[in-house]
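J.: Mind having a look at this structure? Questions to follow.
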Amino acid sequence: MSPPIVHHPAFRAEMPAGHRFPMDKFARLAAVLEAEGLAGASGFYSPELIDVETLRLVHGEAYVRGVLEQSLDPDVVRRIGLPNSESVAVRARAATGGTLLAARLALAHGIACNTAGGSHHADADSGAGFCVFNDVAVAARRLLAEGAIGKALVVDLDVHQGDGTAKIFAGDPSVFTFSMHAEKNFPARKAASDLDIDLADGVGDAVYLEKLAEILPALLARERPDLVFFNAGVDPHADDKLGRLSLTDDGLARREAFVLGSCLEAGIPVTGVIGGGYDADIDRLARRHALLHRAASEALKA
């Protein structure tokens, strides 16, 4: 049995030649998953573009309008690092709709994954670090507003701190934010998550996985969320251009299996998003991101 996987062609936006964000990874990831038979007999689930009303549950009116009308202040565009274009705006709406759909599917099936998502640097009134709309925050707020869930837990294991998510849910007991990241990496000024674990440069598989094992099962037992959002960024990898940690492919695979397995063992639905990953070799990067979806398939079989 394959877990539900969400994909949309619009996850790949048109970018200027030579741009440093690896936009082609989304289409390549989908191709890898199809080749491995992980898309399921009926193929990928296709999300709708997130509606403006739902975006406003998290993001301010002026910021949403600036993204959709391509009228953002140049300083905000610079912080985001992506063009303020229609293609990028559509991509941001598709990726956010994808995470919301994956969350709904996780509630129905126990586990589901997006082939995009994890834009955790976007806060209420701005984007940053290649993040336009905070898809996890928007999905959580929508489900909370509907009464579909009463509490969410964000497990953010991207190499960069989930500062935007932390700011959005500061003081909100309905969402617990946990971020484990490289201490000296972006952003330079960290926000305050409900739980932050700062890792020294060069931390490898053994130390990383031991620390995660110390934290996650107890956190799940204590918080008892109705849904977990897992940001499975692969930028903690030793070869990642924007990371400062030293995980291997095997370490990432074990991390994915542990997080997803821990959630399912606790009877808690889990939504996976791919988060960051930066490698000039798009095929290698796509295979690294596919570790999440492969682990989801194995977790359902267990």
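Simple scheme: letters A, B, ... for chains in structure tokens order, numbers from 1 for residues in each chain, numbers from 1 for ligands in the order shown.
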Can you pull out every residue within 10 Å of Ala192 in chain A, counting only C-alpha atoms, but drop anything in the same chain fewer than 3 positions away, and send it as a ChimeraX atom specification?
T.: /A:161-167,169-170,177-179,189,195-196
J.: Considering only C-alpha atoms, return as a count of residues only whatever protein or nucleic-acid residues lie within 8 Å of Ala102 in chain A, sequence-local ones (same chain, fewer than 5 positions apart) excluded.
T.: 8
J.: If we count only C-alpha atoms, what is near range 9-17 of chain A at a cut-off of 10 Å, once residues fewer than 2 positions away on the same chain are taken out, given as a PyMOL selection string?
T.: chain A and resi 7+19-28+30+46+49+82-83+85-96+98+115-117
J.: Can you pull out every residue from range 172-261 of chain A that DSSP, working from the backbone, puts in strand (DSSP E or B), and format the result as a list of chain:residue names?
T.: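 Restricting range 172-261 of chain A to strand (DSSP E or B) produces A:Val175, A:Phe176, A:Thr177, A:Phe178, A:Ser179, A:Met180, A:His181, A:Ala182, A:Leu195, A:Asp196, A:Ile197, A:Asp198, A:Leu199, A:Gly204, A:Leu227, A:Val228, A:Phe229, A:Phe230, A:Asn231, A:His237, A:Ser246, A:Leu247.
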J.: Show which residues sit within 9 Å of Leu55 in chain A, as an mmCIF file with N, CA and C atoms, in the first residue's frame. Count only C-alpha atoms, and ignore same-chain residues fewer than 3 positions away.
T.:
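Result went into part20.cif, see below:
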```
data_model
loop_
_atom_site.group_PDB
_atom_site.id
_atom_site.type_symbol
_atom_site.label_atom_id
_atom_site.label_comp_id
_atom_site.auth_asym_id
_atom_site.auth_seq_id
_atom_site.Cartn_x
_atom_site.Cartn_y
_atom_site.Cartn_z
ATOM 1 N N ILE A 50 -4.483 27.297 -2.996
ATOM 2 C CA ILE A 50 -5.069 27.742 -1.729
ATOM 3 C C ILE A 50 -5.849 29.032 -1.945
ATOM 4 N N ASP A 51 -6.992 29.156 -1.320
ATOM 5 C CA ASP A 51 -7.817 30.345 -1.497
ATOM 6 C C ASP A 51 -7.320 31.481 -0.621
ATOM 7 N N VAL A 52 -7.650 32.688 -1.013
ATOM 8 C CA VAL A 52 -7.163 33.887 -0.329
ATOM 9 C C VAL A 52 -7.693 33.949 1.101
ATOM 10 N N VAL A 58 -3.441 33.315 8.325
ATOM 11 C CA VAL A 58 -2.063 33.422 8.795
ATOM 12 C C VAL A 58 -1.415 34.724 8.359
ATOM 13 N N HIS A 59 -1.570 35.060 7.086
ATOM 14 C CA HIS A 59 -0.828 36.181 6.511
ATOM 15 C C HIS A 59 -1.673 37.445 6.405
ATOM 16 N N GLY A 60 -1.009 38.589 6.585
ATOM 17 C CA GLY A 60 -1.688 39.875 6.521
ATOM 18 C C GLY A 60 -2.189 40.200 5.125
ATOM 19 N N GLU A 61 -3.244 40.999 5.085
ATOM 20 C CA GLU A 61 -3.887 41.364 3.822
ATOM 21 C C GLU A 61 -2.910 42.024 2.849
ATOM 22 N N VAL A 64 -0.404 39.389 1.397
ATOM 23 C CA VAL A 64 -1.063 38.494 0.442
ATOM 24 C C VAL A 64 -1.310 39.219 -0.873
ATOM 25 N N ARG A 93 0.823 29.260 -3.903
ATOM 26 C CA ARG A 93 -0.563 28.862 -3.617
ATOM 27 C C ARG A 93 -0.752 27.362 -3.817
ATOM 28 N N THR A 96 0.991 25.452 -0.899
ATOM 29 C CA THR A 96 0.209 25.591 0.336
ATOM 30 C C THR A 96 -1.065 24.754 0.255
ATOM 31 N N PHE A 133 4.596 31.768 1.244
ATOM 32 C CA PHE A 133 3.528 31.523 2.215
ATOM 33 C C PHE A 133 3.930 30.355 3.107
ATOM 34 N N ASN A 134 3.641 30.455 4.395
ATOM 35 C CA ASN A 134 3.987 29.389 5.335
ATOM 36 C C ASN A 134 2.919 28.303 5.251
ATOM 37 N N ASP A 135 3.166 27.319 4.411
ATOM 38 C CA ASP A 135 2.157 26.316 4.086
ATOM 39 C C ASP A 135 1.716 25.503 5.296
ATOM 40 N N VAL A 138 -0.525 27.714 7.494
ATOM 41 C CA VAL A 138 -1.830 27.915 6.868
ATOM 42 C C VAL A 138 -2.685 26.660 6.990
ATOM 43 N N ARG A 142 -6.210 26.388 9.126
ATOM 44 C CA ARG A 142 -7.454 26.019 8.448
ATOM 45 C C ARG A 142 -8.133 24.855 9.165
#
```
J.: Residues of range 229-274 of chain A classed as helix (DSSP H, G or I) by DSSP on the backbone are to be reported as a PyMOL selection string.
T.: chain A and resi 249-265
J.: Next, write the just-selected residues to a file, as a short mmCIF file (atom, residue, chain, number, x, y, z; two decimals), in the first residue's frame, keeping N, CA and C atoms as the atom set.
T.:
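Result written to part.cif:
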```
data_model
loop_
_atom_site.label_atom_id
_atom_site.label_comp_id
_atom_site.auth_asym_id
_atom_site.auth_seq_id
_atom_site.Cartn_x
_atom_site.Cartn_y
_atom_site.Cartn_z
N ASP A 249 23.02 9.98 3.63
CA ASP A 249 21.74 9.50 3.10
C ASP A 249 21.11 8.48 4.04
N ASP A 250 21.94 7.59 4.58
CA ASP A 250 21.43 6.59 5.51
C ASP A 250 20.89 7.24 6.78
N GLY A 251 21.58 8.26 7.28
CA GLY A 251 21.11 8.97 8.46
C GLY A 251 19.77 9.64 8.23
N LEU A 252 19.61 10.27 7.06
CA LEU A 252 18.33 10.90 6.73
C LEU A 252 17.22 9.85 6.61
N ALA A 253 17.53 8.72 5.99
CA ALA A 253 16.53 7.65 5.85
C ALA A 253 16.10 7.14 7.22
N ARG A 254 17.06 6.99 8.12
CA ARG A 254 16.73 6.53 9.47
C ARG A 254 15.93 7.60 10.23
N ARG A 255 16.26 8.86 10.01
CA ARG A 255 15.49 9.95 10.63
C ARG A 255 14.04 9.91 10.18
N GLU A 256 13.81 9.82 8.85
CA GLU A 256 12.46 9.78 8.32
C GLU A 256 11.67 8.61 8.89
N ALA A 257 12.31 7.44 8.91
CA ALA A 257 11.64 6.25 9.42
C ALA A 257 11.29 6.41 10.89
N PHE A 258 12.19 7.02 11.66
CA PHE A 258 11.95 7.17 13.09
C PHE A 258 10.80 8.15 13.37
N VAL A 259 10.80 9.29 12.67
CA VAL A 259 9.74 10.27 12.92
C VAL A 259 8.39 9.71 12.52
N LEU A 260 8.29 9.18 11.32
CA LEU A 260 7.01 8.66 10.85
C LEU A 260 6.55 7.47 11.70
N GLY A 261 7.48 6.58 12.01
CA GLY A 261 7.14 5.42 12.82
C GLY A 261 6.70 5.81 14.22
N SER A 262 7.37 6.79 14.81
CA SER A 262 7.00 7.23 16.16
C SER A 262 5.59 7.80 16.19
N CYS A 263 5.24 8.56 15.16
CA CYS A 263 3.89 9.13 15.11
C CYS A 263 2.85 8.03 14.96
N LEU A 264 3.08 7.12 14.04
CA LEU A 264 2.09 6.06 13.81
C LEU A 264 1.97 5.14 15.02
N GLU A 265 3.10 4.84 15.67
CA GLU A 265 3.05 4.00 16.88
C GLU A 265 2.25 4.67 17.99
#
```
J.: Counting only C-alpha atoms, figure out which residue out of A:Gly110, A:Gly275, A:Gly171, A:Gly118 gets nearest to Ala296 in chain A.
T.: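 Looking only at the distances to Ala296 in chain A, the closest residue turns out to be A:Gly110.
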J.: Could you check which of A:Gly277, A:Pro269, A:Pro217, A:Gly40 is closest to Lys241 in chain A, using only C-alpha atoms?
T.: A:Gly277
J.: What separation in Å, quoted to one decimal, exists between CA of Lys151 in chain A and CA of Leu220 in chain A?
T.: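 Value for the CA of Lys151 in chain A-CA of Leu220 in chain A distance: 11.6 Å.
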J.: Compile the contact shell of Val132 in chain A as a PyMOL selection string: residues with an atom at most 7 Å away, counting only C-alpha atoms, same-chain residues fewer than 6 positions apart removed.
T.: chain A and resi 80+92+119+122
J.: So that I have them on file, write out the residues from the current selection with N, CA and C atoms, as a PDB file, in the first residue's frame.
T.:
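So selection.pdb came out as:
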```
ATOM      1  N   ILE A  80      12.966  37.394   0.371  1.00  0.00           N
ATOM      2  CA  ILE A  80      12.439  36.110  -0.087  1.00  0.00           C
ATOM      3  C   ILE A  80      13.449  35.407  -0.988  1.00  0.00           C
ATOM      4  N   ALA A  92       3.420  29.208  -4.927  1.00  0.00           N
ATOM      5  CA  ALA A  92       3.219  29.318  -3.484  1.00  0.00           C
ATOM      6  C   ALA A  92       1.804  28.893  -3.096  1.00  0.00           C
ATOM      7  N   SER A 119       7.784  25.770   3.875  1.00  0.00           N
ATOM      8  CA  SER A 119       8.243  27.163   3.737  1.00  0.00           C
ATOM      9  C   SER A 119       8.183  27.878   5.086  1.00  0.00           C
ATOM     10  N   ALA A 122       8.605  32.047   6.241  1.00  0.00           N
ATOM     11  CA  ALA A 122       7.564  33.052   6.028  1.00  0.00           C
ATOM     12  C   ALA A 122       6.799  33.273   7.323  1.00  0.00           C
TER      13      ALA A 122
END
```
J.: Using 10 Å as the limit and counting only C-alpha atoms, can you tabulate each residue of range 102-215 of chain A that touches range 222-236 of chain A, with its shortest atom-to-atom distance in Å and the two atoms involved, as a Markdown table?
T.:
```
| residue | atom | partner | partner_atom | distance |
| --- | --- | --- | --- | --- |
| A:Ala102 | CA | A:Phe229 | CA | 9.8 |
| A:Ala103 | CA | A:Phe229 | CA | 7.9 |
| A:Arg104 | CA | A:Leu227 | CA | 9.8 |
| A:Ala106 | CA | A:Leu227 | CA | 8.1 |
| A:Leu107 | CA | A:Leu227 | CA | 7.3 |
| A:Gly110 | CA | A:Leu227 | CA | 9.2 |
| A:Ile111 | CA | A:Val228 | CA | 9.5 |
| A:Cys113 | CA | A:Phe230 | CA | 9.2 |
| A:Gly117 | CA | A:Asn231 | CA | 8.0 |
| A:Gly118 | CA | A:Asn231 | CA | 5.6 |
| A:Ser119 | CA | A:Asn231 | CA | 9.0 |
| A:His120 | CA | A:Asn231 | CA | 8.7 |
| A:Val136 | CA | A:Phe229 | CA | 7.0 |
| A:Ala137 | CA | A:Phe229 | CA | 9.4 |
| A:Ala139 | CA | A:Phe229 | CA | 9.5 |
| A:Ala140 | CA | A:Phe229 | CA | 8.5 |
| A:Leu143 | CA | A:Leu227 | CA | 9.8 |
| A:Ala148 | CA | A:Asp226 | CA | 8.8 |
| A:Ile149 | CA | A:Asp226 | CA | 5.7 |
| A:Gly150 | CA | A:Asp226 | CA | 6.5 |
| A:Lys151 | CA | A:Pro225 | CA | 5.0 |
| A:Ala152 | CA | A:Leu227 | CA | 5.0 |
| A:Leu153 | CA | A:Val228 | CA | 4.8 |
| A:Val154 | CA | A:Phe229 | CA | 4.8 |
| A:Val155 | CA | A:Phe230 | CA | 4.8 |
| A:Asp156 | CA | A:Asn231 | CA | 4.7 |
| A:Leu157 | CA | A:Ala232 | CA | 5.7 |
| A:Asp158 | CA | A:Gly233 | CA | 4.1 |
| A:Val159 | CA | A:Pro236 | CA | 4.9 |
| A:His160 | CA | A:Asp235 | CA | 8.2 |
| A:Gly162 | CA | A:Asn231 | CA | 9.3 |
| A:Ser174 | CA | A:Pro225 | CA | 8.8 |
| A:Val175 | CA | A:Pro225 | CA | 8.4 |
| A:Phe176 | CA | A:Glu223 | CA | 7.9 |
| A:Thr177 | CA | A:Phe229 | CA | 9.6 |
| A:Phe178 | CA | A:Phe230 | CA | 9.9 |
| A:Ser179 | CA | A:Asn231 | CA | 9.3 |
| A:His181 | CA | A:Pro236 | CA | 8.1 |
| A:Ala182 | CA | A:Pro236 | CA | 8.0 |
| A:Gly202 | CA | A:Pro236 | CA | 9.4 |
| A:Val203 | CA | A:Pro236 | CA | 9.0 |
| A:Gly204 | CA | A:Pro236 | CA | 8.9 |
| A:Asp205 | CA | A:Pro236 | CA | 9.8 |
| A:Tyr208 | CA | A:Pro236 | CA | 9.8 |
```
J.: Could you turn the residues from that selection into a file that holds C-alpha atoms, as an mmCIF file, in the first residue's frame?
T.:
```
data_model
loop_
_atom_site.group_PDB
_atom_site.id
_atom_site.type_symbol
_atom_site.label_atom_id
_atom_site.label_comp_id
_atom_site.auth_asym_id
_atom_site.auth_seq_id
_atom_site.Cartn_x
_atom_site.Cartn_y
_atom_site.Cartn_z
ATOM 1 C CA ALA A 102 -1.846 16.227 2.483
ATOM 2 C CA ALA A 103 -2.959 17.101 6.016
ATOM 3 C CA ARG A 104 -6.559 16.143 5.225
ATOM 4 C CA ALA A 106 -3.197 12.167 6.726
ATOM 5 C CA LEU A 107 -6.215 12.552 8.979
ATOM 6 C CA GLY A 110 -2.779 8.063 9.026
ATOM 7 C CA ILE A 111 0.033 9.370 6.842
ATOM 8 C CA CYS A 113 3.118 13.533 2.071
ATOM 9 C CA GLY A 117 6.072 22.504 1.301
ATOM 10 C CA GLY A 118 8.019 23.408 4.390
ATOM 11 C CA SER A 119 8.243 27.163 3.737
ATOM 12 C CA HIS A 120 8.994 27.848 7.384
ATOM 13 C CA VAL A 136 2.294 24.346 7.349
ATOM 14 C CA ALA A 137 0.964 27.287 9.361
ATOM 15 C CA ALA A 139 -2.854 24.254 6.814
ATOM 16 C CA ALA A 140 -2.821 24.031 10.605
ATOM 17 C CA LEU A 143 -7.920 22.668 10.162
ATOM 18 C CA ALA A 148 -10.934 19.098 12.268
ATOM 19 C CA ILE A 149 -8.129 19.147 14.841
ATOM 20 C CA GLY A 150 -7.757 20.661 18.287
ATOM 21 C CA LYS A 151 -3.958 20.643 18.464
ATOM 22 C CA ALA A 152 -1.055 20.320 16.037
ATOM 23 C CA LEU A 153 2.628 19.600 16.534
ATOM 24 C CA VAL A 154 5.237 20.878 14.089
ATOM 25 C CA VAL A 155 8.383 18.733 13.966
ATOM 26 C CA ASP A 156 10.797 20.858 11.929
ATOM 27 C CA LEU A 157 14.037 19.062 11.091
ATOM 28 C CA ASP A 158 15.205 21.327 8.293
ATOM 29 C CA VAL A 159 18.789 22.483 8.924
ATOM 30 C CA HIS A 160 17.506 26.063 9.326
ATOM 31 C CA GLY A 162 11.616 27.396 11.539
ATOM 32 C CA SER A 174 -3.106 24.948 19.841
ATOM 33 C CA VAL A 175 0.179 24.497 17.926
ATOM 34 C CA PHE A 176 3.429 23.290 19.492
ATOM 35 C CA THR A 177 6.530 24.168 17.469
ATOM 36 C CA PHE A 178 9.693 22.037 17.705
ATOM 37 C CA SER A 179 12.744 22.915 15.622
ATOM 38 C CA HIS A 181 18.609 22.906 13.453
ATOM 39 C CA ALA A 182 22.189 24.069 12.977
ATOM 40 C CA GLY A 202 29.424 19.039 11.838
ATOM 41 C CA VAL A 203 26.996 16.954 13.905
ATOM 42 C CA GLY A 204 26.588 13.578 12.178
ATOM 43 C CA ASP A 205 24.153 10.690 12.130
ATOM 44 C CA TYR A 208 21.672 13.707 15.613
#
```
J.: Of the candidates A:Ala108, A:Leu212, A:Ala280, A:Leu285, which one gets nearest to Gly18 in chain A if we count only C-alpha atoms?
T.: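 Selected residue with least distance to Gly18 in chain A: A:Ala280.
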J.: May I ask for the distance between CA of Lys301 in chain A and CA of Lys211 in chain A, given in Å to one decimal place?
T.: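 CA of Lys211 in chain A lies at a distance of 26.2 Å from CA of Lys301 in chain A.
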J.: In Å, with one decimal, what is the gap from CA of Leu38 in chain A to CA of Thr99 in chain A?
T.: 17.9 Å
